[in-house]
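Text of my_file-v2.cif, listed as mmCIF, C-alpha atoms and all ligand atoms:
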data_work
#
loop_
_atom_site.label_atom_id
_atom_site.label_comp_id
_atom_site.auth_asym_id
_atom_site.auth_seq_id
_atom_site.Cartn_x
_atom_site.Cartn_y
_atom_site.Cartn_z
CA MET A 29 13.96 1.62 -27.53
CA SER A 30 12.09 4.75 -26.52
CA LEU A 31 9.69 4.72 -23.58
CA PRO A 32 5.96 5.31 -23.99
CA PRO A 33 5.01 8.84 -22.85
CA TYR A 34 3.56 7.79 -19.49
CA LEU A 35 6.78 5.96 -18.54
CA GLU A 36 9.10 8.80 -19.40
CA THR A 37 10.09 11.32 -16.72
CA ARG A 38 8.66 14.58 -18.02
CA LEU A 39 10.01 17.75 -16.48
CA VAL A 40 7.99 20.96 -16.59
CA GLN A 41 9.59 24.20 -15.45
CA THR A 42 7.46 27.19 -14.67
CA GLU A 43 6.99 30.15 -12.38
CA PHE A 44 3.86 30.68 -10.33
CA PRO A 45 2.32 34.17 -10.25
CA ALA A 46 3.76 36.29 -7.43
CA GLY A 47 1.50 37.07 -4.51
CA GLN A 48 -1.03 34.30 -5.23
CA ARG A 49 -1.70 31.24 -3.09
CA VAL A 50 -0.27 27.83 -3.93
CA LEU A 51 -2.41 24.82 -2.94
CA MET A 52 -0.82 21.36 -2.82
CA ILE A 53 -2.63 18.02 -2.67
CA SER A 54 -1.41 14.48 -3.32
CA ASP A 55 -2.71 10.91 -3.39
CA ILE A 56 -6.40 11.57 -4.03
CA HIS A 57 -6.69 7.86 -4.91
CA GLY A 58 -10.19 7.78 -6.38
CA HIS A 59 -11.77 9.96 -3.69
CA ALA A 60 -13.47 12.61 -5.82
CA THR A 61 -16.03 13.57 -3.17
CA ALA A 62 -13.39 14.25 -0.51
CA PHE A 63 -11.27 16.08 -3.11
CA LYS A 64 -14.12 18.43 -4.05
CA LYS A 65 -14.96 19.00 -0.38
CA LEU A 66 -11.30 19.80 0.24
CA LEU A 67 -11.18 22.38 -2.57
CA ARG A 68 -14.24 24.08 -1.05
CA ARG A 69 -12.65 23.91 2.39
CA ALA A 70 -9.54 25.65 1.01
CA ALA A 71 -11.76 28.16 -0.87
CA PHE A 72 -9.89 27.31 -4.07
CA GLY A 73 -10.44 30.05 -6.64
CA PRO A 74 -9.25 31.33 -10.02
CA LYS A 75 -6.36 33.31 -8.47
CA ASP A 76 -4.85 30.24 -6.81
CA THR A 77 -2.39 27.75 -8.25
CA LEU A 78 -3.24 24.12 -7.52
CA VAL A 79 -0.61 21.36 -7.73
CA VAL A 80 -1.80 17.75 -7.51
CA VAL A 81 1.26 15.62 -6.81
CA GLY A 82 0.21 12.30 -8.34
CA ASP A 83 -1.77 9.14 -7.59
CA LEU A 84 -5.19 10.21 -8.79
CA LEU A 85 -6.32 6.66 -9.40
CA GLU A 86 -7.28 3.50 -7.48
CA LYS A 87 -7.80 2.66 -3.79
CA GLY A 88 -11.15 4.44 -4.03
CA THR A 89 -14.38 4.17 -6.00
CA GLU A 90 -14.34 7.48 -7.93
CA SER A 91 -11.18 7.39 -10.04
CA LEU A 92 -12.96 8.50 -13.23
CA ALA A 93 -14.57 11.41 -11.40
CA VAL A 94 -11.17 12.51 -10.06
CA VAL A 95 -9.70 12.53 -13.56
CA ARG A 96 -12.67 14.40 -15.02
CA THR A 97 -12.74 16.95 -12.20
CA LEU A 98 -9.07 17.71 -12.83
CA MET A 99 -9.60 17.90 -16.60
CA ASP A 100 -12.45 20.38 -16.05
CA LEU A 101 -10.55 22.46 -13.49
CA SER A 102 -7.52 22.59 -15.77
CA ARG A 103 -9.62 24.44 -18.35
CA THR A 104 -10.75 27.17 -15.98
CA HIS A 105 -8.09 27.35 -13.27
CA ARG A 106 -4.32 27.20 -12.91
CA VAL A 107 -3.87 23.50 -12.17
CA TYR A 108 -0.78 21.32 -12.49
CA THR A 109 -1.52 17.61 -12.22
CA LEU A 110 1.47 15.27 -11.89
CA MET A 111 1.83 11.53 -12.44
CA GLY A 112 1.90 8.99 -9.59
CA ASN A 113 3.04 5.37 -9.55
CA MET A 114 -0.52 4.01 -9.28
CA ASP A 115 -1.49 6.10 -12.31
CA VAL A 116 1.40 4.61 -14.30
CA PHE A 117 0.48 1.11 -13.11
CA THR A 118 -3.12 1.26 -14.30
CA LEU A 119 -2.38 3.28 -17.41
CA GLY A 120 0.38 0.89 -18.46
CA LYS A 121 -2.00 -2.07 -18.28
CA LEU A 122 -4.73 -0.30 -20.26
CA LEU A 123 -2.39 0.98 -22.95
CA THR A 124 -0.20 -2.07 -23.48
CA ASP A 125 -0.71 -4.66 -26.21
CA ASP A 126 0.97 -7.29 -24.05
CA ALA A 127 -1.84 -9.74 -23.16
CA GLU A 128 -0.08 -10.93 -20.03
CA LYS A 129 0.42 -7.44 -18.57
CA ARG A 130 -3.18 -6.59 -19.43
CA HIS A 131 -4.37 -9.74 -17.70
CA THR A 132 -2.59 -8.60 -14.50
CA LEU A 133 -5.05 -5.71 -14.27
CA PHE A 134 -8.10 -7.86 -15.00
CA SER A 135 -7.12 -10.44 -12.41
CA TYR A 136 -6.22 -7.74 -9.86
CA ALA A 137 -9.55 -5.90 -10.32
CA PRO A 138 -11.74 -8.21 -8.17
CA LEU A 139 -9.16 -7.98 -5.36
CA MET A 140 -9.25 -4.20 -5.59
CA LYS A 141 -13.03 -4.24 -5.52
CA ASN A 142 -12.93 -6.46 -2.47
CA TRP A 143 -10.49 -4.25 -0.57
CA TRP A 144 -11.34 -0.75 -1.80
CA GLY A 145 -14.87 -1.13 -3.17
CA GLY A 146 -13.89 -0.69 -6.83
CA CYS A 147 -11.21 0.18 -9.36
CA LEU A 148 -10.85 2.24 -12.53
CA LEU A 149 -11.23 -0.76 -14.85
CA MET A 150 -14.57 -1.72 -13.29
CA GLU A 151 -15.74 1.92 -13.29
CA MET A 152 -15.00 2.07 -17.02
CA CYS A 153 -16.78 -1.22 -17.76
CA ARG A 154 -19.82 -0.08 -15.79
CA GLU A 155 -20.01 3.21 -17.68
CA MET A 156 -19.79 1.38 -21.04
CA GLY A 157 -22.40 -1.17 -19.96
CA VAL A 158 -19.90 -4.02 -20.32
CA PRO A 159 -20.43 -6.67 -17.61
CA PHE A 160 -17.23 -7.48 -15.75
CA THR A 161 -16.86 -11.27 -15.78
CA ALA A 162 -14.03 -13.76 -15.28
CA ASP A 163 -14.23 -14.97 -18.89
CA MET A 164 -14.61 -11.61 -20.63
CA ASP A 165 -12.65 -10.78 -23.79
CA GLU A 166 -9.87 -8.67 -22.30
CA ALA A 167 -8.40 -7.46 -25.61
CA GLU A 168 -11.82 -6.37 -26.85
CA THR A 169 -12.66 -4.66 -23.55
CA VAL A 170 -9.43 -2.67 -23.65
CA ARG A 171 -10.10 -1.72 -27.28
CA LEU A 172 -13.52 -0.37 -26.26
CA ILE A 173 -12.02 1.47 -23.27
CA ARG A 174 -9.39 3.17 -25.44
CA ALA A 175 -12.10 4.44 -27.78
CA HIS A 176 -14.67 5.41 -25.15
CA PHE A 177 -12.23 7.03 -22.73
CA ALA A 178 -9.79 8.51 -25.24
CA PRO A 179 -9.86 12.03 -23.70
CA GLU A 180 -9.30 10.75 -20.15
CA LEU A 181 -6.52 8.39 -21.21
CA HIS A 182 -4.87 11.12 -23.25
CA PHE A 183 -4.95 13.46 -20.23
CA LEU A 184 -3.37 10.80 -18.00
CA GLU A 185 -0.82 9.60 -20.53
CA TRP A 186 0.83 13.00 -20.88
CA LEU A 187 0.89 14.07 -17.23
CA PRO A 188 4.24 15.57 -16.27
CA THR A 189 6.38 13.80 -13.65
CA ILE A 190 8.32 16.68 -12.10
CA LEU A 191 7.16 20.28 -11.77
CA ASP A 192 9.98 22.67 -11.05
CA THR A 193 9.63 26.32 -9.99
CA PRO A 194 12.25 28.76 -8.66
CA ASP A 195 11.08 28.14 -5.07
CA MET A 196 9.82 24.58 -5.03
CA THR A 197 10.03 21.26 -6.87
CA PHE A 198 7.07 18.87 -6.93
CA VAL A 199 7.27 15.12 -7.58
CA HIS A 200 5.18 12.16 -6.39
CA GLY A 201 7.89 10.03 -4.75
CA GLY A 202 11.04 12.11 -4.49
CA VAL A 203 14.24 13.05 -6.30
CA PRO A 204 17.82 11.99 -5.56
CA HIS A 205 19.12 15.50 -6.41
CA LEU A 206 17.96 18.67 -8.15
CA ARG A 207 19.88 18.14 -11.39
CA LEU A 208 16.47 17.51 -12.85
CA HIS A 209 17.53 17.53 -16.49
CA GLU A 210 19.55 14.38 -15.75
CA LEU A 211 16.34 12.66 -14.62
CA ALA A 212 14.20 13.80 -17.54
CA GLY A 213 13.55 11.20 -20.23
CA LYS A 214 14.42 8.25 -17.95
CA ASP A 215 11.98 5.68 -16.56
CA CYS A 216 9.72 7.60 -14.18
CA HIS A 217 9.55 4.83 -11.56
CA ALA A 218 12.87 6.14 -10.19
CA VAL A 219 11.11 9.28 -8.92
CA LEU A 220 7.52 8.03 -8.56
CA LYS A 221 8.22 4.95 -6.48
CA LEU A 222 10.91 6.43 -4.32
CA ASP A 223 9.57 4.93 -1.08
CA ASP A 224 10.28 6.41 2.32
CA PHE A 225 11.84 9.53 0.78
CA LEU A 226 12.24 11.51 4.00
CA SER A 227 14.30 8.71 5.55
CA SER A 228 16.87 9.11 2.77
CA GLY A 229 18.47 11.87 4.81
CA LEU A 230 18.68 14.10 1.73
CA SER A 231 18.34 17.84 2.04
CA PHE A 232 17.77 20.46 -0.64
CA PRO A 233 18.36 24.17 -1.19
CA LYS A 234 14.66 24.66 -1.96
CA TYR A 235 11.53 22.76 -0.99
CA VAL A 236 10.85 19.37 -2.57
CA THR A 237 7.15 18.59 -2.13
CA VAL A 238 6.12 14.94 -2.33
CA GLY A 239 3.23 12.54 -1.80
CA HIS A 240 3.33 8.74 -2.05
CA TRP A 241 4.48 7.87 1.49
CA PRO A 242 1.87 8.60 4.17
CA ALA A 243 3.41 11.11 6.58
CA VAL A 244 2.09 9.07 9.51
CA LEU A 245 4.72 6.42 8.70
CA TYR A 246 7.46 8.90 9.59
CA ARG A 247 5.97 9.44 13.06
CA ASP A 248 6.73 7.27 16.07
CA ASP A 249 4.49 8.36 18.90
CA LEU A 250 1.07 9.43 17.67
CA MET A 251 -0.73 8.38 14.50
CA ASP A 252 -0.78 11.90 13.13
CA MET A 253 -2.12 12.17 9.55
CA SER A 254 -1.23 15.83 9.02
CA PRO A 255 1.37 16.87 6.43
CA LEU A 256 4.99 16.79 7.55
CA LEU A 257 7.20 19.81 6.97
CA CYS A 258 10.92 19.34 7.43
CA ARG A 259 12.23 22.93 7.38
CA GLU A 260 15.89 22.06 7.87
CA ARG A 261 16.03 19.72 4.89
CA HIS A 262 13.38 21.49 2.79
CA ILE A 263 11.07 18.51 2.32
CA LEU A 264 7.28 18.72 2.50
CA CYS A 265 5.31 15.46 2.72
CA LEU A 266 1.64 15.88 1.84
CA ASP A 267 0.18 12.38 1.97
CA GLY A 268 -2.47 11.92 4.67
CA GLY A 269 -2.98 8.25 3.73
CA CYS A 270 -6.24 8.83 1.83
CA GLY A 271 -7.41 5.51 0.35
CA VAL A 272 -4.29 3.62 1.39
CA LYS A 273 -5.60 3.56 4.95
CA LYS A 274 -9.25 3.41 5.94
CA SER A 275 -8.30 5.92 8.62
CA GLY A 276 -6.62 8.27 6.14
CA GLN A 277 -7.38 11.88 5.26
CA LEU A 278 -6.78 14.11 2.26
CA ASN A 279 -4.51 17.08 3.02
CA CYS A 280 -4.23 20.41 1.24
CA VAL A 281 -1.18 22.49 2.15
CA ILE A 282 -1.55 26.20 1.46
CA GLN A 283 1.34 28.56 0.85
CA PRO A 284 0.18 32.22 0.89
CA PHE A 285 2.50 33.09 -2.03
CA PRO A 286 5.34 31.35 -3.88
CA GLY A 287 8.54 31.33 -1.84
CA SER A 288 6.78 32.00 1.48
CA GLY A 289 7.97 30.00 4.47
CA ASP A 290 4.50 30.12 6.04
CA PHE A 291 2.51 27.00 5.39
CA SER A 292 -0.93 26.03 6.64
CA PHE A 293 -3.22 23.15 5.77
CA VAL A 294 -6.79 21.92 5.72
CA TRP A 295 -7.96 18.34 5.41
CA GLU A 296 -11.04 16.32 4.45
CA ASP A 297 -12.21 12.72 4.36
CA ASP A 298 -15.38 10.86 3.53
CA LEU A 299 -15.82 9.20 6.89
CA PRO A 300 -18.99 9.77 8.92
CA ARG A 301 -18.60 12.59 11.44
CA VAL A 302 -19.85 12.33 15.00
CA THR A 303 -19.87 14.71 17.95
CA ALA A 304 -18.43 13.58 21.27
CA LEU A 305 -20.86 14.04 24.15
CA GLN A 306 -18.38 13.62 27.02
CA ASP A 307 -14.88 14.72 27.94
CA GLN A 308 -12.15 12.09 27.86
CA ARG A 309 -8.65 12.35 29.33
CA PRO A 310 -5.81 11.05 27.13
CA SER A 311 -3.97 7.87 28.07
CA SER A 312 -0.54 8.54 29.52
CA ASP A 313 1.01 5.46 27.97
CA HIS A 314 0.21 4.26 24.49
CA THR A 315 1.66 2.37 21.57
CA TYR A 316 1.62 2.92 17.82
CA ILE A 317 2.22 -0.33 15.95
CA LYS A 318 3.50 0.58 12.51
CA PHE A 319 2.52 -1.36 9.41
CA HIS A 320 6.15 -2.23 8.67
CA ASP A 321 6.69 -3.66 12.13
CA ARG A 322 3.46 -5.48 12.91
CA GLN A 323 4.64 -8.84 14.30
CA VAL A 324 2.94 -9.47 17.64
CA THR A 325 2.40 -12.29 20.15
CA VAL A 326 -1.21 -12.83 21.14
CA LEU A 327 -1.36 -12.99 24.96
CA SER A 328 -5.10 -13.22 25.51
CA ARG A 329 -8.29 -13.66 23.51
CA ASP A 330 -10.71 -13.62 26.46
CA ASP A 331 -12.65 -10.70 25.07
CA PRO A 332 -14.67 -11.47 21.88
CA ASP A 333 -13.86 -8.02 20.43
CA PHE A 334 -10.38 -7.18 21.68
CA ALA A 335 -7.16 -9.17 22.00
CA LEU A 336 -4.20 -8.42 24.22
CA VAL A 337 -0.98 -8.68 22.28
CA SER A 338 2.67 -8.17 23.08
CA TRP A 339 4.72 -5.95 20.77
CA HIS A 340 8.39 -5.28 21.53
CA GLY A 341 7.70 -6.12 25.16
CA LYS A 342 4.70 -3.77 25.45
CA LYS A 343 1.17 -5.00 26.09
CA VAL A 344 -1.29 -3.54 23.60
CA ARG A 345 -5.05 -4.00 23.35
CA VAL A 346 -6.11 -4.30 19.70
CA PRO A 347 -9.43 -5.15 18.07
CA VAL A 348 -9.72 -8.81 17.09
CA SER A 349 -10.41 -7.62 13.51
CA ALA A 350 -6.81 -6.32 13.39
CA LEU A 351 -5.42 -9.86 13.80
CA ASP A 352 -4.34 -11.34 10.48
CA PHE A 353 -5.70 -14.87 10.55
CA GLU A 354 -3.90 -15.82 7.36
CA HIS A 355 -0.58 -14.81 8.91
CA PRO A 356 -0.80 -15.69 12.62
CA GLY A 357 1.32 -13.44 14.79
CA GLN A 358 0.84 -10.51 12.47
CA LEU A 359 -1.60 -7.61 12.37
CA ASN A 360 -3.37 -6.70 9.12
CA THR A 361 -3.12 -2.97 9.80
CA ASP A 362 -1.18 -0.37 11.71
CA ILE A 363 -2.99 0.56 14.89
CA THR A 364 -2.76 2.45 18.15
CA ASP A 365 -4.29 1.98 21.59
CA TYR A 366 -4.08 5.71 22.30
CA LEU A 367 -7.03 7.18 24.20
CA LEU A 368 -7.49 10.61 22.64
CA PRO A 369 -7.96 13.80 24.59
CA VAL A 370 -11.57 14.71 23.80
CA ARG A 371 -13.90 17.45 24.98
CA ALA A 372 -17.67 17.25 24.77
CA GLY A 373 -18.68 18.89 21.49
CA ASP A 374 -15.52 17.83 19.61
CA GLU A 375 -16.07 16.57 16.11
CA LEU A 376 -14.63 13.15 15.28
CA SER A 377 -14.23 11.20 12.04
CA LEU A 378 -15.53 7.75 12.84
CA ILE A 379 -13.52 4.86 11.41
CA ARG A 380 -15.24 2.05 13.27
CA THR A 381 -16.92 1.18 16.54
CA VAL A 382 -15.86 -1.95 18.42
CA ALA A 383 -17.95 -2.96 21.43
CA GLY A 384 -18.95 0.63 22.19
CA ARG A 385 -15.41 2.00 21.74
CA HIS A 386 -14.98 4.35 18.81
CA TYR A 387 -11.83 4.30 16.67
CA VAL A 388 -11.73 7.89 15.45
CA ARG A 389 -9.60 10.68 14.07
CA ARG A 390 -9.71 13.97 15.95
CA ASP A 391 -7.76 16.87 14.48
CA CYS A 392 -5.62 14.55 12.35
CA ILE A 393 -4.73 12.26 15.28
CA LEU A 394 -5.97 8.69 15.45
CA GLY A 395 -7.11 6.99 18.61
CA TRP A 396 -9.98 5.70 20.72
CA TYR A 397 -12.89 7.49 22.30
CA CYS A 398 -15.04 5.55 24.75
CA GLY A 399 -17.84 8.03 25.45
CA PRO A 400 -21.22 8.44 23.78
CA VAL A 401 -21.54 10.16 20.39
CA ALA A 402 -24.23 11.84 18.30
CA PRO A 403 -24.25 12.46 14.54
CA ALA A 404 -22.37 15.70 13.79
CA ALA A 405 -24.18 18.77 12.51
CA GLU A 406 -24.13 19.35 8.76
CA SER A 407 -22.16 22.63 8.84
CA SER A 408 -19.13 21.20 10.61
CA VAL A 409 -15.79 22.85 9.92
CA THR A 410 -12.23 21.65 10.11
CA PRO A 411 -10.11 24.69 10.94
CA GLU A 412 -7.00 25.72 9.07
CA HIS A 413 -3.87 24.60 10.93
CA ALA A 414 -0.43 26.17 10.77
CA LEU A 415 2.41 23.86 9.78
MN MN A 501 2.01 6.49 -4.66
#
Could I get this structure in the form of structure tokens?
Ligand SMILES: [Mn+2]
Amino acid sequence: MSLPPYLETRLVQTEFPAGQRVLMISDIHGHATAFKKLLRRAAFGPKDTLVVVGDLLEKGTESLAVVRTLMDLSRTHRVYTLMGNMDVFTLGKLLTDDAEKRHTLFSYAPLMKNWWGGCLLMEMCREMGVPFTADMDEAETVRLIRAHFAPELHFLEWLPTILDTPDMTFVHGGVPHLRLHELAGKDCHAVLKLDDFLSSGLSFPKYVTVGHWPAVLYRDDLMDMSPLLCRERHILCLDGGCGVKKSGQLNCVIQPFPGSGDFSFVWEDDLPRVTALQDQRPSSDHTYIKFHDRQVTVLSRDDPDFALVSWHGKKVRVPVSALDFEHPGQLNTDITDYLLPVRAGDELSLIRTVAGRHYVRRDCILGWYCGPVAPAAESSVTPEHAL
């Protein structure tokens, strides 16, 4: 039985124009506003090549706008948009005639709204003026969606899975090898949902550029959301955790011309920005509790806002909101107790404030700032960093 187009690994081979910049972004996850800000930040123009390495949809509230922005840009600019596993997930549920699979999406939608503020299905219903209710006619709703959003669904359905150029290969999750023709035509989950790709130990003769797995998960010391470039093994991880983490950012890696070994990046997010009003010295000792290793023992709950927990023998102060009350002894997020180095005037992305302490991102690094803040000026800039 042949696979529907969105499930089939589609390989596109091309060559980018010599001497022109290559911009790479992944995991936009329904964050159209941050995506557009990021393109402006990178001064994206008609001479550039833009590659979007999958996961356009979900975990944000502007999935439709992301799709439409990319459709529009593709008409006027050189843009390659690739498929991601979340795109396949949602698309598969909207395009299937299997009532049970379809129902998965309808029952998952309220959970997505609860956690992320919305989902593509609800965005579509809202635009059509169809109220989203528990007892709605799911088959009829999907029929309406397929008619109303035919251009968007068509665009998504035929997205390529792997983009291969002489200097670089792009794929959402990863590839087991570069014999790409052997992968073409097979179920795309093998390369889209290749979790933890960098830990595979694989290395390649040319760069393999991926999204999917937030780069911060490969780091042990600091919660650093910047892209991760592994020069020895030729792997470039783009994902700044946008949408997946409330503390995430959207990264754009810039290569000055195809084949160049010089990479830089800019980032954006849609968090409120504040300006620090005081210097702060960094903590000398700190802990980063990773999401995949978040079992703790609560030592003290004396403070209404913070708890003292023990994690692998280390004492860590975490906000009470990070304790997972449904799973005692577990945190509901990854977190750090790192006190950031801050200078008065520094701009910070504010994630949340707990009892006067600000959980912020400064220059891609997550941590706490305990001084006073003021709203940041409108014309704030995030500088371009070298990788
Ligand atoms: Mn993904």
Inset, instruction - Can you work out which one of A:Cys280, A:Leu133, A:Val80, A:Val94 has the shortest atom-to-atom distance to Val107 (chain A), counting only C-alpha atoms? - result: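 Closest candidate: A:Val80.
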Restrict the calculation to only C-alpha atoms and all ligand atoms, then for each residue of chain A with any atom at most 10 Å from an atom of ligand MN 501 (chain A) give the closest atom pair and their distance in Å to one decimal, rows by chain and rising residue number, as a tab-separated table.
residue	atom	partner	partner_atom	distance
A:Ser54	CA	A:MN501	MN	8.8
A:Asp55	CA	A:MN501	MN	6.6
A:Ile56	CA	A:MN501	MN	9.8
A:His57	CA	A:MN501	MN	8.8
A:Val81	CA	A:MN501	MN	9.4
A:Gly82	CA	A:MN501	MN	7.1
A:Asp83	CA	A:MN501	MN	5.5
A:Leu84	CA	A:MN501	MN	9.1
A:Leu85	CA	A:MN501	MN	9.6
A:Met111	CA	A:MN501	MN	9.3
A:Gly112	CA	A:MN501	MN	5.5
A:Asn113	CA	A:MN501	MN	5.1
A:Met114	CA	A:MN501	MN	5.8
A:Asp115	CA	A:MN501	MN	8.4
A:Val116	CA	A:MN501	MN	9.8
A:His200	CA	A:MN501	MN	6.7
A:Gly201	CA	A:MN501	MN	6.9
A:Leu220	CA	A:MN501	MN	6.9
A:Lys221	CA	A:MN501	MN	6.7
A:Leu222	CA	A:MN501	MN	8.9
A:Asp223	CA	A:MN501	MN	8.5
A:Val238	CA	A:MN501	MN	9.7
A:Gly239	CA	A:MN501	MN	6.8
A:His240	CA	A:MN501	MN	3.7
A:Trp241	CA	A:MN501	MN	6.8
A:Pro242	CA	A:MN501	MN	9.1
A:Asp267	CA	A:MN501	MN	9.1
A:Gly269	CA	A:MN501	MN	9.9
A:Val272	CA	A:MN501	MN	9.2
Legend entry - Distance query 8 Å from (-5.2, 29.0, 3.7) using only C-alpha atoms, result as a ChimeraX atom specification: /A:49,70,281-284,292-294,412
Inset, instruction - State, in Å with one decimal place, the distance from CA of Leu122 (chain A) to CA of Ala212 (chain A). - result: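 Interatomic distance, CA of Leu122 (chain A) to CA of Ala212 (chain A): 23.8 Å.
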Inset, instruction - Determine the nearest neighbour of Leu187 (chain A) from the options A:Cys265, A:Val326, A:Leu119, A:Ala218, counting all atoms listed in the file. - result: A:Leu119
Using the file's own x, y and z axes, so that the box edges lie along x, y and z, what centre and edge lengths in Å (one decimal) does a box around every listed atom of region 326-342 of chain A get when 3 Å is added on each side? Give it as lines of an AutoDock Vina configuration file.
center_x = -3.1
center_y = -8.7
center_z = 23.4
size_x = 29.1
size_y = 15.9
size_z = 12.0
Please tabulate, as a tab-separated table, the residues of region 274-319 of chain A that come within 10 Å of region 366-376 of chain A, each with its closest pair of atoms and the distance in Å to one decimal, counting only C-alpha atoms and ordering rows by chain, then residue number upward.
residue	atom	partner	partner_atom	distance
A:Leu299	CA	A:Leu376	CA	9.3
A:Pro300	CA	A:Leu376	CA	8.4
A:Arg301	CA	A:Leu376	CA	5.6
A:Val302	CA	A:Leu376	CA	5.3
A:Thr303	CA	A:Glu375	CA	4.6
A:Ala304	CA	A:Ala372	CA	5.1
A:Leu305	CA	A:Ala372	CA	4.6
A:Gln306	CA	A:Ala372	CA	4.3
A:Asp307	CA	A:Arg371	CA	4.1
A:Gln308	CA	A:Val370	CA	4.9
A:Arg309	CA	A:Pro369	CA	5.0
A:Pro310	CA	A:Pro369	CA	4.3
A:Ser311	CA	A:Leu367	CA	5.0
A:Ser312	CA	A:Leu367	CA	8.5
A:Asp313	CA	A:Tyr366	CA	7.6
A:His314	CA	A:Tyr366	CA	5.0
A:Thr315	CA	A:Tyr366	CA	6.7
A:Tyr316	CA	A:Tyr366	CA	7.8
Inset, instruction - Could you jot down the CA of Arg174 (chain A) to CA of Met152 (chain A) separation for me, Å, one decimal place? - result: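 Calculated distance between CA of Arg174 (chain A) and CA of Met152 (chain A) is 10.2 Å.
The set of protein, DNA and RNA residues with any counted atom at most 6 Å from (-5.8, -10.4, 18.9) (all atoms listed in the file) reads Val326, Ala335, Leu336, Val348 and Leu351 of chain A.
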Legend entry - Straight-line distance linking CA of Trp186 (chain A) with CA of Asp100 (chain A), stated in Å to one decimal: 15.9 Å
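Residue nearest His176 (chain A) within the list A:Pro403, A:Thr161, A:Glu155, A:Gly395: A:Glu155 [criterion: smallest interatomic distance, all atoms listed in the file].
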Legend entry - Nearest to Gly47 (chain A), chosen from A:Tyr108, A:Phe117, A:Phe285, A:Trp396, with only C-alpha atoms counted in the distances: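 Residue with the minimum atom-to-atom distance to Gly47 (chain A): A:Phe285.
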Legend entry - Pick from A:Leu39, A:Val337, A:Met164, A:Leu67, whichever lies nearest to Met52 (chain A) using only C-alpha atoms: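 Nearest to Met52 (chain A): A:Leu67.
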Legend entry - Contacts of His355 (chain A) within 12 Å, only C-alpha atoms, excl. fewer than 2 positions in-chain, as a PyMOL selection string: chain A and resi 322-325+350-353+357-360
Legend entry - Counting all atoms listed in the file, the residue of A:Thr237, A:Val388, A:Tyr246, A:Leu51 that sits nearest Arg261 (chain A): A:Thr237
Inset, instruction - Considering all atoms listed in the file, return as number ranges by chain whatever protein or nucleic-acid residues lie within 9 Å of Leu123 (chain A), sequence-local ones (same chain, fewer than 6 positions apart) excluded. - result: A: 130, 170, 174, 181
Legend entry - Ala127 (chain A) surroundings by all atoms listed in the file, 9 Å radius, close-in-sequence under 5 positions cut, as number ranges by chain: A: 132, 166-167
